[in-house]
Each structure stands twice: as structure tokens, then as C-alpha cells.
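> So here's protein.txt, just compact mmCIF, C-alpha atoms and all ligand atoms:
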```txt
# COMPACT_ATOMS: atom_id res chain seq x y z
CA MET A 198 71.49 29.77 31.15
CA ARG A 199 69.76 32.80 32.68
CA GLY A 200 68.82 34.02 29.32
CA THR A 201 67.53 30.66 28.41
CA GLY A 202 65.77 30.37 31.76
CA LEU A 203 64.09 33.69 31.26
CA HIS A 204 63.21 32.84 27.76
CA CYS A 205 61.91 29.50 28.93
CA GLY A 206 59.89 31.14 31.68
CA MET A 207 58.36 33.54 29.23
CA SER A 208 57.53 30.72 26.93
CA VAL A 209 55.79 28.83 29.68
CA ALA A 210 53.88 31.97 30.61
CA VAL A 211 52.94 32.65 26.99
CA VAL A 212 51.90 29.06 26.45
CA ALA A 213 49.93 29.12 29.69
CA ILE A 214 48.15 32.28 28.59
CA LEU A 215 47.54 30.82 25.16
CA VAL A 216 46.21 27.60 26.64
CA LEU A 217 43.97 29.55 28.98
CA ALA A 218 42.88 31.79 26.14
CA CYS A 219 42.24 28.76 24.00
CA VAL A 220 40.15 27.04 26.63
CA THR A 221 38.21 30.22 27.23
CA VAL A 222 37.72 30.92 23.55
CA HIS A 223 36.79 27.32 22.88
CA GLU A 224 34.29 27.24 25.71
CA ASN A 225 32.76 30.54 24.71
CA ALA A 226 32.67 29.56 21.04
CA ALA A 227 31.06 26.23 21.76
CA THR A 228 28.40 27.80 23.89
CA GLU A 229 27.65 30.55 21.38
CA PHE A 230 27.70 28.04 18.55
CA GLU A 231 25.22 25.78 20.31
CA LYS A 232 23.03 28.68 21.38
CA ASP A 233 23.06 30.08 17.91
CA LEU A 234 22.50 27.02 15.75
CA LEU A 235 21.58 24.10 18.01
CA VAL A 236 23.53 21.84 15.71
CA GLU A 237 23.32 18.12 16.17
CA VAL A 238 23.97 15.08 14.02
CA ASP A 239 21.05 12.89 13.08
CA ASP A 240 22.09 9.35 14.00
CA ALA A 241 20.13 7.66 11.25
CA SER A 242 21.26 9.78 8.33
CA GLY A 243 24.53 11.28 9.54
CA TYR A 244 23.32 14.66 8.29
CA LEU A 245 23.71 17.81 10.30
CA ILE A 246 20.35 18.96 11.47
CA PHE A 247 19.37 22.19 13.12
CA GLY A 248 17.34 22.72 16.24
CA GLU A 249 13.73 23.78 16.48
CA GLY A 250 12.84 27.29 15.48
CA ARG A 251 16.08 27.77 13.59
CA ALA A 252 16.22 25.72 10.44
CA PRO A 253 14.13 22.79 9.26
CA LEU A 254 14.71 19.09 9.46
CA PHE A 255 14.95 17.86 5.90
CA LEU A 256 13.17 14.78 4.69
CA VAL A 257 15.65 11.93 4.14
CA PRO A 258 14.80 9.15 1.66
CA ALA A 259 14.19 5.82 3.38
CA GLN A 260 14.35 3.87 0.13
CA ARG A 261 14.67 4.47 -3.62
CA ALA A 262 13.84 2.38 -6.68
CA THR A 263 13.69 2.89 -10.41
CA ALA A 264 10.28 1.95 -11.82
CA ASN A 265 10.91 -0.10 -14.96
CA GLU A 266 8.11 -0.56 -17.44
CA GLN A 267 6.07 -3.78 -17.12
CA ARG A 268 2.96 -5.23 -18.78
CA GLU A 269 -0.34 -5.08 -16.92
CA GLY A 270 -4.01 -5.73 -17.64
CA ASP A 271 -4.94 -6.08 -21.27
CA GLY A 272 -1.88 -4.67 -23.06
CA ALA A 273 -1.26 -1.75 -20.69
CA ARG A 274 2.27 -0.71 -19.75
CA VAL A 275 2.95 0.54 -16.25
CA ARG A 276 5.84 1.84 -14.17
CA ARG A 277 5.10 0.76 -10.60
CA CYS A 278 6.38 2.29 -7.36
CA VAL A 279 4.11 0.48 -4.91
CA GLY A 280 2.80 -3.07 -5.29
CA THR A 281 6.18 -4.48 -6.37
CA GLN A 282 8.26 -7.35 -4.94
CA THR A 283 10.42 -4.89 -3.01
CA VAL A 284 7.76 -2.36 -1.98
CA ARG A 285 4.54 -4.33 -1.57
CA ALA A 286 2.77 -1.46 0.17
CA MET A 287 3.48 1.95 1.64
CA ASP A 288 0.73 2.36 4.21
CA PRO A 289 -1.95 3.37 3.17
CA LEU A 290 -0.83 3.02 -0.50
CA LEU A 291 -1.40 -0.44 -2.01
CA LEU A 292 -0.60 0.46 -5.61
CA PHE A 293 1.05 3.36 -7.37
CA ASP A 294 1.27 3.06 -11.16
CA HIS A 295 2.36 5.42 -13.89
CA TYR A 296 0.41 3.97 -16.83
CA HIS A 297 0.72 4.18 -20.57
CA VAL A 298 -2.18 2.55 -22.41
CA SER A 299 -2.91 2.59 -26.13
CA PRO A 300 -6.38 1.72 -27.42
CA PRO A 301 -7.87 -0.83 -27.86
CA HIS A 302 -6.05 -2.07 -24.73
CA GLY A 303 -7.08 -1.01 -21.24
CA PHE A 304 -8.61 -2.28 -18.03
CA PRO A 305 -11.81 -4.20 -18.88
CA PRO A 306 -14.45 -4.89 -16.17
CA HIS A 307 -13.01 -6.09 -12.83
CA PRO A 308 -14.05 -5.86 -9.17
CA HIS A 309 -12.65 -3.81 -6.28
CA ARG A 310 -13.40 -3.91 -2.58
CA GLY A 311 -12.02 -2.42 0.64
CA GLN A 312 -10.03 0.40 -0.98
CA SER A 313 -10.27 3.71 -2.81
CA LEU A 314 -8.91 4.23 -6.31
CA LEU A 315 -7.64 7.42 -7.76
CA SER A 316 -6.91 8.10 -11.43
CA TYR A 317 -5.12 11.22 -12.53
CA GLN A 318 -4.73 11.76 -16.24
CA ILE A 319 -1.74 13.49 -17.84
CA ARG A 320 -2.28 12.81 -21.55
CA GLY A 321 -5.05 11.34 -23.66
CA SER A 322 -8.26 10.27 -21.93
CA PHE A 323 -9.81 7.42 -19.95
CA LYS A 324 -13.44 6.34 -19.92
CA HIS A 325 -14.69 5.01 -16.61
CA ARG A 326 -17.86 2.99 -15.99
CA ASP A 327 -18.95 1.27 -12.79
CA SER A 328 -21.73 -0.97 -11.47
CA TYR A 329 -23.13 1.90 -9.38
CA GLY A 330 -23.95 3.89 -12.50
CA GLY A 331 -20.86 6.10 -12.35
CA HIS A 332 -19.45 7.01 -15.74
CA ALA A 333 -17.22 9.76 -17.12
CA GLU A 334 -14.33 10.44 -19.41
CA ILE A 335 -11.36 12.23 -17.92
CA PHE A 336 -8.88 14.19 -20.03
CA ALA A 337 -5.41 15.64 -19.35
CA HIS A 338 -5.25 16.95 -15.76
CA GLY A 339 -8.65 15.54 -14.89
CA ALA A 340 -9.01 13.16 -11.96
CA GLN A 341 -11.45 10.67 -10.50
CA LYS A 342 -11.86 9.05 -7.12
CA ILE A 343 -13.68 5.77 -6.68
CA VAL A 344 -14.46 4.56 -3.18
CA ALA A 345 -14.91 0.82 -3.75
CA GLY A 346 -16.02 0.28 -0.12
CA LYS A 347 -18.23 -2.83 0.07
CA GLY A 348 -17.57 -3.70 -3.57
CA LEU A 349 -18.14 -2.63 -7.16
CA ILE A 350 -17.17 -3.50 -10.69
CA HIS A 351 -15.59 -0.97 -13.00
CA SER A 352 -13.77 -0.64 -16.27
CA GLU A 353 -11.32 1.96 -17.52
CA MET A 354 -10.53 2.18 -21.22
CA PRO A 355 -8.62 4.82 -23.22
CA GLY A 356 -11.01 7.19 -24.95
CA ALA A 357 -9.41 8.29 -28.18
CA SER A 358 -6.76 6.95 -30.53
CA GLU A 359 -4.09 8.71 -28.47
CA PRO A 360 -2.33 6.74 -25.70
CA ALA A 361 -3.68 7.40 -22.21
CA VAL A 362 -0.94 8.42 -19.77
CA GLY A 363 -1.47 9.06 -16.08
CA PHE A 364 -1.45 7.69 -12.57
CA GLN A 365 -3.49 4.98 -10.89
CA ILE A 366 -3.33 4.94 -7.12
CA TRP A 367 -4.98 2.49 -4.70
CA VAL A 368 -5.43 3.66 -1.13
CA ASN A 369 -6.37 1.24 1.64
CA LEU A 370 -9.57 2.13 3.48
CA PRO A 371 -9.51 2.25 7.28
CA MET A 372 -11.27 -0.72 8.95
CA THR A 373 -14.15 1.58 9.94
CA SER A 374 -14.77 2.48 6.25
CA LYS A 375 -14.31 -0.92 4.58
CA ASP A 376 -18.03 -1.43 4.07
CA VAL A 377 -19.12 2.05 3.01
CA GLU A 378 -21.45 2.39 0.04
CA PRO A 379 -19.32 2.75 -3.13
CA TYR A 380 -19.23 6.18 -4.70
CA TYR A 381 -17.56 8.02 -7.51
CA GLN A 382 -16.33 11.58 -7.95
CA VAL A 383 -14.82 13.22 -11.01
CA VAL A 384 -12.95 16.50 -11.34
CA ASP A 385 -12.52 18.05 -14.78
CA ALA A 386 -9.19 19.59 -15.72
CA ALA A 387 -10.83 23.04 -15.68
CA ASP A 388 -11.57 22.58 -11.95
CA LEU A 389 -8.08 21.42 -11.01
CA VAL A 390 -6.70 23.68 -8.27
CA THR A 391 -3.31 25.13 -9.22
CA THR A 392 -0.91 27.51 -7.56
CA PHE A 393 2.76 28.45 -7.62
CA ALA A 394 5.40 27.12 -5.26
CA SER A 395 6.81 30.58 -4.52
CA SER A 396 6.41 34.28 -5.23
CA ALA A 397 8.67 33.80 -8.26
CA HIS A 398 5.59 32.23 -9.95
CA HIS A 399 7.52 29.71 -12.04
CA THR A 400 7.12 26.33 -10.34
CA LEU A 401 3.55 25.17 -10.88
CA VAL A 402 1.76 23.09 -8.23
CA ARG A 403 -1.42 21.17 -9.17
CA VAL A 404 -3.38 20.14 -6.10
CA VAL A 405 -5.15 16.95 -7.23
CA VAL A 406 -6.10 15.69 -3.76
CA GLY A 407 -6.07 17.29 -0.32
CA LYS A 408 -4.10 20.37 0.55
CA PHE A 409 -0.97 22.25 -0.37
CA ASN A 410 -0.53 25.08 2.17
CA GLU A 411 -3.81 27.05 2.06
CA HIS A 412 -4.86 25.58 -1.31
CA THR A 413 -7.39 22.75 -1.20
CA GLY A 414 -7.99 20.43 -4.13
CA ARG A 415 -11.47 19.20 -5.10
CA LEU A 416 -10.85 15.62 -4.05
CA SER A 417 -10.35 14.52 -0.45
CA PHE A 418 -9.72 11.23 1.32
CA GLU A 419 -10.68 12.70 4.69
CA PRO A 420 -14.34 11.50 4.57
CA GLU A 421 -13.18 7.86 4.68
CA GLY A 422 -10.61 8.57 7.38
CA ASN A 423 -7.36 8.58 5.35
CA ARG A 424 -5.88 11.56 7.14
CA HIS A 425 -3.52 14.22 5.75
CA THR A 426 -3.76 12.77 2.24
CA SER A 427 -2.49 14.92 -0.62
CA LEU A 428 -1.57 14.26 -4.21
CA LEU A 429 0.36 16.99 -6.01
CA HIS A 430 1.67 17.18 -9.56
CA VAL A 431 4.42 19.77 -9.80
CA ASP A 432 6.45 21.26 -12.68
CA VAL A 433 9.68 22.53 -11.11
CA VAL A 434 11.33 25.29 -13.11
CA PRO A 435 15.12 25.42 -12.44
CA GLY A 436 15.97 28.08 -9.84
CA ASP A 437 12.48 28.15 -8.30
CA ALA A 438 12.54 25.30 -5.78
CA PHE A 439 9.43 23.54 -4.49
CA VAL A 440 9.52 23.65 -0.69
CA TRP A 441 6.97 21.97 1.54
CA ASP A 442 6.87 20.94 5.18
CA ILE A 443 5.46 17.44 5.55
CA PRO A 444 3.89 16.39 8.86
CA ALA A 445 6.06 13.97 10.86
CA GLN A 446 3.23 11.42 11.06
CA CYS A 447 2.98 11.01 7.25
CA ASN A 448 4.51 8.62 4.76
CA ALA A 449 5.35 10.16 1.39
CA LEU A 450 6.13 8.92 -2.08
CA LEU A 451 7.86 11.04 -4.68
CA TYR A 452 7.85 9.92 -8.31
CA VAL A 453 9.94 11.72 -10.92
CA TYR A 454 7.77 11.94 -14.02
CA ARG A 455 10.18 13.94 -16.17
CA GLY A 456 13.69 15.36 -15.82
CA THR A 457 15.96 15.36 -12.78
CA LEU A 458 15.45 16.78 -9.31
CA VAL A 459 17.89 17.66 -6.55
CA ASP A 460 16.92 18.05 -2.89
CA ALA A 461 18.37 20.34 -0.21
CA LEU A 462 20.69 17.56 1.00
CA GLY A 463 22.20 17.17 -2.48
CA ASN A 464 20.40 13.92 -3.37
CA THR A 465 19.71 13.65 -7.09
CA PHE A 466 16.52 11.96 -8.24
CA SER A 467 16.26 10.74 -11.84
CA GLU A 468 13.40 10.25 -14.27
CA HIS A 469 11.10 7.34 -13.31
CA GLU A 470 12.61 7.01 -9.87
CA CYS A 471 10.40 6.32 -6.84
CA ILE A 472 11.59 7.83 -3.57
CA TYR A 473 9.96 6.67 -0.34
CA PHE A 474 9.89 8.79 2.83
CA GLU A 475 8.82 7.25 6.11
CA ALA A 476 6.63 8.69 8.84
CA GLN A 477 8.15 9.03 12.27
CA THR A 478 6.96 6.10 14.34
CA SER A 479 4.35 7.28 16.80
CA GLY A 480 5.91 7.90 20.17
CA SER A 481 9.30 8.92 18.80
CA GLU A 482 10.04 12.53 19.50
CA PRO A 483 10.03 15.32 18.72
CA GLN A 484 7.09 15.16 16.31
CA GLN A 485 8.14 17.83 13.87
CA THR A 486 7.46 18.58 10.24
CA ARG A 487 10.25 17.67 7.87
CA ARG A 488 11.02 19.81 4.88
CA LEU A 489 11.05 18.57 1.31
CA SER A 490 12.94 21.01 -0.88
CA LEU A 491 13.29 20.13 -4.56
CA ASP A 492 14.87 22.03 -7.41
CA ALA A 493 15.15 20.94 -11.02
CA LEU A 494 18.48 20.26 -12.69
CA GLU A 495 18.68 21.83 -16.10
CA VAL A 496 18.59 19.07 -18.65
CA PRO A 497 18.89 19.75 -22.39
CA GLY A 498 15.48 19.40 -24.02
CA HIS A 499 13.55 19.93 -20.75
CA LEU A 500 12.34 23.34 -19.65
CA ASN A 501 11.44 21.93 -16.27
CA SER A 502 11.29 18.72 -14.28
CA SER A 503 8.02 17.22 -13.19
CA PHE A 504 7.05 15.04 -10.23
CA VAL A 505 4.05 13.55 -8.47
CA LEU A 506 3.99 13.51 -4.67
CA PHE A 507 1.64 11.42 -2.55
CA VAL A 508 1.47 12.10 1.19
CA SER A 509 -0.73 10.34 3.76
CA GLU A 510 -0.85 9.34 7.38
CA PRO A 511 -0.39 5.55 7.68
CA LEU A 512 -3.36 3.58 9.05
CA ARG A 513 -1.14 1.11 10.95
CA GLU A 514 -3.83 -1.57 10.57
CA PRO A 515 -3.46 -5.12 9.27
CA VAL A 516 -4.28 -5.48 5.58
CA PHE A 517 -4.69 -8.58 3.44
CA HIS A 518 -4.24 -7.39 -0.10
CA TYR A 519 -5.16 -9.76 -2.88
CA GLY A 520 -5.38 -8.25 -6.36
CA PRO A 521 -8.25 -5.76 -6.33
CA PHE A 522 -9.34 -6.67 -2.76
CA ALA A 523 -7.98 -5.11 0.44
CA ALA A 524 -9.36 -6.80 3.55
CA SER A 525 -8.71 -6.44 7.27
CA TYR A 526 -8.92 -10.21 7.88
CA ARG A 527 -7.53 -13.07 5.81
CA HIS A 528 -10.81 -15.03 5.70
CA GLU A 529 -12.61 -12.10 4.07
CA ILE A 530 -10.68 -12.52 0.82
CA ASN A 531 -12.31 -15.88 -0.05
CA ALA A 532 -15.71 -14.58 1.02
CA TRP A 533 -15.28 -11.50 -1.18
CA ILE A 534 -14.20 -13.52 -4.21
CA GLY A 535 -17.32 -15.68 -3.67
CA ALA A 536 -19.53 -12.59 -3.49
CA TYR A 537 -18.01 -11.33 -6.75
CA GLN A 538 -18.60 -14.71 -8.44
CA ARG A 539 -22.24 -14.66 -7.28
CA GLY A 540 -22.63 -11.25 -8.96
CA GLU A 541 -23.13 -9.31 -5.71
CA TYR A 542 -21.08 -6.35 -6.89
CA GLY A 543 -23.56 -5.64 -9.67
CA VAL A 544 -23.03 -5.48 -13.41
CA LEU A 545 -21.83 -2.86 -15.84
CA ALA A 546 -24.51 -1.27 -17.98
CA LYS A 547 -23.66 -1.86 -21.63
C1 LIG B 1 7.12 22.35 -18.23
O1 LIG B 1 7.50 21.84 -19.48
C2 LIG B 1 6.42 21.30 -20.25
C3 LIG B 1 6.97 20.72 -21.53
O2 LIG B 1 8.31 20.37 -21.46
C4 LIG B 1 5.40 22.38 -20.53
O3 LIG B 1 4.32 21.82 -21.21
C5 LIG B 1 4.95 23.00 -19.23
O4 LIG B 1 4.10 24.08 -19.50
C6 LIG B 1 6.13 23.49 -18.40
N1 LIG B 1 5.66 23.94 -17.12
C7 LIG B 1 6.02 25.09 -16.57
C8 LIG B 1 5.44 25.41 -15.24
O5 LIG B 1 6.78 25.87 -17.12
```
What does this structure look like when you write it as C-alpha cells?

Amino acid sequence: MRGTGLHCGMSVAVVAILVLACVTVHENAATEFEKDLLVEVDDASGYLIFGEGRAPLFLVPAQRATANEQREGDGARVRRCVGTQTVRAMDPLLLFDHYHVSPPHGFPPHPHRGQSLLSYQIRGSFKHRDSYGGHAEIFAHGAQKIVAGKGLIHSEMPGASEPAVGFQIWVNLPMTSKDVEPYYQVVDAADLVTTFASSAHHTLVRVVVGKFNEHTGRLSFEPEGNRHTSLLHVDVVPGDAFVWDIPAQCNALLYVYRGTLVDALGNTFSEHECIYFEAQTSGSEPQQTRRLSLDALEVPGHLNSSFVLFVSEPLREPVFHYGPFAASYRHEINAWIGAYQRGEYGVLAK
């Protein structure tokens, strides 16, 4: 009994010490852990995120869709990320098309009003003409920006016998810029701003519009008030990830042009997939950049994977979008169609 009692007493003491030690260790560990990493769980995504100044918040896809090929215009084929039944718009984007057009098909004369249009060519060429006298032919890695403003007519037709492949993007104009005088800007491939994603110098970043870090492309949407707008075309070479911090107030669209990408959270994005990232709603806090980190998966037959990324601050304004017209008020659409029918947007020079 004594022996047992003693033994028992010792056990209690040992357990007590262990419990105490445990509590102490646990408390200390928790405190150090928190101090060190500031770990918390993001309610929306369930992902572990890390506090400010330690590690970045990663961008989490809000929605994903595969862009299947559809017919458009006069015999053109497009893969559409924005302007579909499921994603009618992604403020300020009204349309995002990956096009594939073989001559003699194309986009014959048609009007536009209340928006800006961007074309970025990847293969072949496109000839543009508009009722303000703008005309040019853009070739692979050339781009053009058309501010339709108060209305114009334009046509875009493939130049050579080769199919024209590229991107057509419609950006809503802020209310204050709806009626600006139309204008046209073209950037030849030779003037395209390019850089590398990292010091490894493998992953190639083409800055078509706006900025990537300290690199500024030749085209900008800032003059019309579409803030923080960038369009990048990136070839990701496996092992040399593309990493970019996107402002919290921006929406972003990622389109996989070729190959397969994987982000820092382990999400895999396949060829022709559209991935939509949402801006933080104004007023939610903290307003912090969120990191997009993309590497390429090695796929037989592909040396790299390629994507196009559009980033812009949403306008958060009402928009009535009807075909090539983007108005602030519903009644404007009928008035604008009337103006077009009366020939007020001019004519194309033959
Ligand atoms: C990516 O691959 C394509 C062809 O598959 C090639 O034309 C391009 O130069 C490559 N880009 C880089 C950065 O290696």
C-alpha cells in the first residue's frame, strides 16, 4: 500500500509537473508562433494566410471557366472569357476574346460607342480602318487601342493568307469619358516593352498596356480614367515562376493561352481556361496587395506555358451594354443606334 501510495504520489507529482510544463510550453509556443508568423485562416478560402510584413496574401480565384470556341462576326472563331452567359462583364471589361480568323473572314465595318477597344496580335496580321481616318496593319506582338468615345465606325480584317490570332478586349469608359473624341493608337511589335519575370531571365513578360513593376508599356488606359490597367502576355518557363503583387482594389482576368500553369496555392490552370480574380470591395480591410505566383507545368511538346493577364480597377458605375455600345443610361442605347443609322459616326474611306 505504502509503496503504491508513494508511487501514486510520485505519479501525481510527475503528471502535475508535466501538465504544468505542457501548459507553459503550449502558451509559450502559441505566443511565439503567433509573433513569428501571424498565422490566420482566411474565412472565404479556408487557406492559411500570413500576416502583414511576413508573407503575402495570395490571389484566390473567384471563378473559373473554360472558353470553348464559338463563331462570331463573319466567319471568325473566338474563345470568350468575358461577354458570355455566365460572365457578362468583369468591371471594367465588357468583352475578352481570343480570336482565330482566316481570310477572307473578319470583322467588316461596324460602330462602337462608350468604350475602348484593344487588339493584341499573336500570329498573322489585322488591318484596321476607322471613320476618323485611323488605319494600320498590326503584326505578331503588335497592339492597337481605339477609344470609341462618342462614336466611330471601324473594320478589322486579316491581312495575309495566314490566320490572324490574338486578343480583342473591350473596356468600359468611365461616365466622365463617354463622350471623348475618338482616337486611335498603334504600337508596332518592335516597340513592345518586354522584360523578364526574375533574375533567372527565362520567363518573358510582354507589357502590352500599363505597367509591370517599373516597366511601362506604350499603351495606357489612364488618360480616360481606367485606373491601374495592365495587359501582360507572359511565357512562363518551368522553374522560373512569374510573381506579381496585384493591388487589392483591382479585378484581374487570367487566360491560359498555351500549356498548364500552377499557382502558389496548388491550383492548376489548363489551356483555354479563364480565371477571374475579384477586387476587394471598397471599405473592406485591410487593403493589401495580393500575390499572383504562377509556374508552368512541364508538358510534352511545350517548352513553356503562356498566359495573358488583364488587371484593372473596377469603375463601379452602371453600364448598359448592347453589342458594340456601352452606355451609362438605358435610354442612350436607342439614341445611339439612331445616331448610327443617321450616319453620325462617319463613314469608312474606301
Ligand atoms: C515559349 O515557347 C514558344 C514555342 O513553343 C517559343 O516560340 C517561345 O520563344 C518560348 N518562350 C520563351 C520565353 O522561352
> Could you check how far CA of Trp367 in chain A sits from CA of Pro515 in chain A, in Å to one decimal?
16.0 Å
> How would you write, as a list in words, the set of residues no farther than 8 Å from ligand LIG 1 (chain B) when counting only C-alpha atoms and all ligand atoms?
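Counting only C-alpha atoms and all ligand atoms, the residues within 8 Å of ligand LIG 1 (chain B) come out as His399, Thr400, Leu401, Val431, Asp432, Val433, Val434, Gly498, His499, Leu500, Asn501, Ser502 and Ser503 of chain A.
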> Would you pick out the contacts of Trp441 in chain A at 9 Å or less, using all atoms listed in the file, so that residues sharing its chain but fewer than 4 positions from it are not included, and give the list as a list in words?
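That gives Ala394, Phe409, Asn410, Arg487, Arg488, Leu489, Ser490 and Leu491 of chain A.
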> Neighbouring residues of His307 in chain A were defined as those with any atom within 9 Å, considering all atoms listed in the file; residues of the same chain fewer than 6 positions away were excluded. Please report them as a ChimeraX atom specification.
/A:349-352,521
> Skip Pro300 in chain A itself and residues of its chain fewer than 4 positions away, then list as a PDB file with C-alpha atoms, keeping the file's coordinate frame all residues within 12 Å of it, counting only C-alpha atoms.

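Result went into result_30.pdb, see below:
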```pdb
ATOM      1  CA  ASP A 271      -4.940  -6.080 -21.270  1.00  0.00           C
ATOM      2  CA  GLY A 272      -1.880  -4.670 -23.060  1.00  0.00           C
ATOM      3  CA  ALA A 273      -1.260  -1.750 -20.690  1.00  0.00           C
ATOM      4  CA  ARG A 274       2.270  -0.710 -19.750  1.00  0.00           C
ATOM      5  CA  PHE A 304      -8.610  -2.280 -18.030  1.00  0.00           C
ATOM      6  CA  PRO A 305     -11.810  -4.200 -18.880  1.00  0.00           C
ATOM      7  CA  GLY A 321      -5.050  11.340 -23.660  1.00  0.00           C
ATOM      8  CA  SER A 322      -8.260  10.270 -21.930  1.00  0.00           C
ATOM      9  CA  PHE A 323      -9.810   7.420 -19.950  1.00  0.00           C
ATOM     10  CA  LYS A 324     -13.440   6.340 -19.920  1.00  0.00           C
ATOM     11  CA  GLU A 353     -11.320   1.960 -17.520  1.00  0.00           C
ATOM     12  CA  MET A 354     -10.530   2.180 -21.220  1.00  0.00           C
ATOM     13  CA  PRO A 355      -8.620   4.820 -23.220  1.00  0.00           C
ATOM     14  CA  GLY A 356     -11.010   7.190 -24.950  1.00  0.00           C
ATOM     15  CA  ALA A 357      -9.410   8.290 -28.180  1.00  0.00           C
ATOM     16  CA  SER A 358      -6.760   6.950 -30.530  1.00  0.00           C
ATOM     17  CA  GLU A 359      -4.090   8.710 -28.470  1.00  0.00           C
ATOM     18  CA  PRO A 360      -2.330   6.740 -25.700  1.00  0.00           C
ATOM     19  CA  ALA A 361      -3.680   7.400 -22.210  1.00  0.00           C
ATOM     20  CA  VAL A 362      -0.940   8.420 -19.770  1.00  0.00           C
TER      21      VAL A 362
END
```
> Can you measure CA of Leu416 in chain A to CA of Gly270 in chain A for me? One decimal in Å is fine.
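It comes out at 26.2 Å.
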> Which is closer to Ala461 in chain A than all the others in A:Ala523, A:Tyr296, A:Lys347, A:Ala438, using only C-alpha atoms?
A:Ala438
> Residues around (3.5, 2.7, -12.7), cut-off 7 Å, counting all atoms listed in the file - what are they as an mmCIF file with C-alpha atoms, in the frame of the given file?

```cif
data_model
loop_
_atom_site.group_PDB
_atom_site.id
_atom_site.type_symbol
_atom_site.label_atom_id
_atom_site.label_comp_id
_atom_site.auth_asym_id
_atom_site.auth_seq_id
_atom_site.Cartn_x
_atom_site.Cartn_y
_atom_site.Cartn_z
ATOM 1 C CA ALA A 264 10.280 1.950 -11.820
ATOM 2 C CA VAL A 275 2.950 0.540 -16.250
ATOM 3 C CA ARG A 276 5.840 1.840 -14.170
ATOM 4 C CA ARG A 277 5.100 0.760 -10.600
ATOM 5 C CA CYS A 278 6.380 2.290 -7.360
ATOM 6 C CA PHE A 293 1.050 3.360 -7.370
ATOM 7 C CA ASP A 294 1.270 3.060 -11.160
ATOM 8 C CA HIS A 295 2.360 5.420 -13.890
ATOM 9 C CA TYR A 296 0.410 3.970 -16.830
#
```
> Quick one: distance from CA of His430 in chain A to CA of Gly348 in chain A in Å, one decimal?
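Between CA of His430 in chain A and CA of Gly348 in chain A the gap works out to 29.0 Å.
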> For Lys375 in chain A, which residue among A:Gly330, A:Pro301, A:Gly520, A:Gly346 is the nearest when counting all atoms listed in the file?
A:Gly346
> Using all atoms listed in the file and a cutoff of 12 Å, can you tell me which residues are near (-11.8, -10.0, 2.9) in the file's coordinates, and write them out as number ranges by chain?
A: 309-312, 346-348, 372, 375-376, 515-537
> For range 280-299 of chain A, what centre and edge lengths in Å (one decimal) does the axis-aligned box get once 3 Å is added on each side of all its listed atoms, as JSON?

```
{"center_x": 3.8, "center_y": -1.0, "center_z": -11.0, "size_x": 19.3, "size_y": 18.8, "size_z": 36.3}
```
> For each of A:Leu429, A:Ile343, A:Leu290, A:Ala337, take the minimum atom-to-atom distance to Ala387 in chain A, counting only C-alpha atoms, then give the residue where this is smallest.
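Closest residue, counting only C-alpha atoms: A:Ala337.
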> Given the choices A:Arg403, A:His412, A:Arg455, A:His398, which gets closest to His338 in chain A if the distance is worked out from only C-alpha atoms?
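Result for the nearest residue to His338 in chain A: A:Arg403.
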> From the set A:Gln446, A:Gln318, A:Gln538, A:Ser396, which residue has the shortest atom-to-atom contact distance to Glu510 in chain A, counting all atoms listed in the file?
A:Gln446
> Quick one: everything within 9 Å of Gln260 in chain A, counting only C-alpha atoms, minus sequence neighbours fewer than 2 positions away in the same chain. Send it as a ChimeraX atom specification.
/A:258,262,471-475
